[in-house]
Amino acid sequence: MLKIALPNKGALSEGAIALVKNAGYKIRRGTKALVCTDNTNNVEFYFLRPKDITAYVSSGVFTFGITGRDIVQDTNYDNIDECLALGFGKSKMRYIIPGQDEFPGLEMFEGKKIACSYPILVKKHLEANNINADIVKLDGAVEISIQLGIADAAADVVETGTTIKQAGLKTVGDVILQSEATLISADKNLDANEDAKAFIKRLSGIIVARKYVMLEYDIPTEKVEAACKIVPGLESPTISALHDPEWKGVKAMIPSGDINSSMDQLETLGAKGIIATDIRTCRL
């Protein structure tokens, strides 16, 4: 059976389970269950700590694992490949310093102490910029390390930055890493595994479908060309004849971010019955 490791808790777990279920795999997990078997699709799912998944995937115990890119980058497992970015669990890692300090550049960290929960990742970033700093590894709440004098600066995942500002701190420099959930594998022969290829295709179909909607509308025949310029679709829109020869039905996939502006333009052009529908999965 194809063996796949999934996060056992938190937002990564929720997103991974939802994605896998939408891809047609059967997961019924009890509160303490570590393994779930989908006999129909010949897959076993194992639920593990996100930070442990990289070790198991690297050793070949699992064909695939789903975890955060930041977690993958915070290891020395150079045989792991990122097969697919999954589009959820997104975050940014930034450097943090006292709010009153000037930031001339990363050179300010030379010889300083930097607190973080991802020591390997941060060390790699500093070394890539020729900075030699002392890494202080903490498991969480790294910002307070500056206030308590344990470190001169910190590196941490930042969302809005509100909490950091309230603590009298600020983020500086470029983003260290833009992270999200990712499908990883150390298997170099995935193309020979039909179940593995099917898993990637199914997940890809869901991810692509989440980025698009299907837009349908009726439009006067003489305005079809103008409408198709507004919503060209991926290859070309589908044009259908209606009972009234003066009208046509049009259907096209568009990026979900373009829904409202496209609908506004089509309505102005004279389109009627404009409907946007979610797409469950697709193949492009």
# chains A, B, ... in the order shown; residues from 1 in each chain; ligands from 1

call {"tool": "select_by_dssp", "arguments": {"residues": "stretch 66-237 of chain A", "states": "helix (DSSP H, G or I)", "output": "compact mmCIF listing (two decimals) with C-alpha atoms, in the first residue's frame"}}
result
# COMPACT_ATOMS: atom_id res chain seq x y z
CA ARG A 69 7.95 24.19 4.02
CA ASP A 70 9.52 25.92 7.02
CA ILE A 71 9.77 22.56 8.78
CA VAL A 72 11.36 20.95 5.74
CA GLN A 73 13.87 23.79 5.40
CA LEU A 106 21.66 42.08 8.08
CA GLU A 107 25.22 43.00 9.03
CA MET A 108 23.80 44.28 12.33
CA PHE A 109 23.39 40.63 13.35
CA PRO A 119 17.71 27.24 14.04
CA ILE A 120 18.87 25.37 10.92
CA LEU A 121 16.69 27.44 8.58
CA VAL A 122 17.81 30.75 10.11
CA LYS A 123 21.47 29.71 10.22
CA LYS A 124 21.33 28.79 6.52
CA HIS A 125 19.84 32.19 5.70
CA LEU A 126 22.46 34.07 7.69
CA GLU A 127 25.33 32.06 6.23
CA ALA A 128 23.99 32.68 2.73
CA ILE A 144 10.04 37.77 24.65
CA SER A 145 13.65 36.58 24.52
CA ILE A 146 14.64 40.09 23.41
CA GLN A 147 12.83 41.72 26.33
CA THR A 162 0.27 43.45 15.66
CA THR A 163 1.56 41.41 18.61
CA ILE A 164 5.13 42.33 17.76
CA LYS A 165 4.33 46.04 17.67
CA GLN A 166 2.48 45.80 20.97
CA LEU A 190 7.58 8.09 -8.31
CA ASP A 191 6.89 7.77 -12.05
CA ALA A 192 6.98 4.00 -11.66
CA GLU A 194 0.82 4.36 -10.34
CA ASP A 195 -0.78 5.00 -6.93
CA ALA A 196 1.76 7.74 -6.20
CA LYS A 197 1.18 9.41 -9.58
CA ALA A 198 -2.59 9.25 -9.05
CA PHE A 199 -2.21 10.88 -5.61
CA ILE A 200 -0.26 13.82 -7.03
CA LYS A 201 -2.71 14.27 -9.91
CA ARG A 202 -5.71 14.23 -7.60
CA LEU A 203 -4.23 16.76 -5.21
CA SER A 204 -3.13 18.96 -8.12
CA GLY A 205 -6.67 18.90 -9.47
CA ILE A 206 -8.08 20.16 -6.18
CA ILE A 207 -5.44 22.88 -5.82
CA VAL A 208 -6.01 24.19 -9.33
CA ALA A 209 -9.79 24.04 -8.90
CA ARG A 210 -9.53 26.24 -5.80
CA THR A 221 -25.15 37.19 -30.22
CA GLU A 222 -23.62 40.37 -31.61
CA LYS A 223 -21.75 40.92 -28.33
CA VAL A 224 -20.21 37.47 -27.98
CA GLU A 225 -16.80 38.54 -29.27
CA ALA A 226 -16.63 41.49 -26.91
CA ALA A 227 -17.65 39.27 -24.00
CA CYS A 228 -14.97 36.71 -24.86
CA LYS A 229 -12.34 39.43 -24.66
CA ILE A 230 -13.47 40.16 -21.10

call {"tool": "residues_around", "arguments": {"residues": "A:Ile275", "least_positions_apart": "3", "cutoff": "7 Å", "atoms": "only C-alpha atoms", "output": "PDB file with N, CA and C atoms, in the first residue's frame"}}
result
ATOM      1  N   LEU A 215     -17.590  30.500 -14.839  1.00  0.00           N
ATOM      2  CA  LEU A 215     -18.495  31.634 -15.054  1.00  0.00           C
ATOM      3  C   LEU A 215     -19.386  31.324 -16.254  1.00  0.00           C
ATOM      4  N   GLU A 216     -20.697  31.423 -16.045  1.00  0.00           N
ATOM      5  CA  GLU A 216     -21.676  31.168 -17.109  1.00  0.00           C
ATOM      6  C   GLU A 216     -22.601  32.374 -17.252  1.00  0.00           C
ATOM      7  N   TYR A 217     -22.972  32.667 -18.481  1.00  0.00           N
ATOM      8  CA  TYR A 217     -23.865  33.804 -18.703  1.00  0.00           C
ATOM      9  C   TYR A 217     -24.480  33.722 -20.097  1.00  0.00           C
TER      10      TYR A 217
END

call {"tool": "closest_residue", "arguments": {"among": "A:Leu242, A:Leu138, A:Ala33, A:Met214", "to": "A:Met263", "atoms": "only C-alpha atoms"}}
result
A:Met214

call {"tool": "residues_around", "arguments": {"residues": "stretch 53-57 of chain A", "least_positions_apart": "6", "cutoff": "9 Å", "atoms": "only C-alpha atoms", "output": "list in words"}}
result
Ile4, Ala5, Leu6, Pro7, Phe47, Thr63, Phe64, Gly65, Ile66, Thr67, Ile71, Val72, Thr75, Tyr77, Ile80, Ile184, Ser185, Ala186 and Asp187 of chain A

call {"tool": "closest_residue", "arguments": {"among": "A:Lys21, A:Lys112, A:Lys9, A:Lys90", "to": "A:Thr182", "atoms": "only C-alpha atoms"}}
result
A:Lys90

call {"tool": "atom_distance", "arguments": {"atom1": "atom CA of A:Thr277", "atom2": "atom CA of A:Tyr212"}}
result
9.2 Å
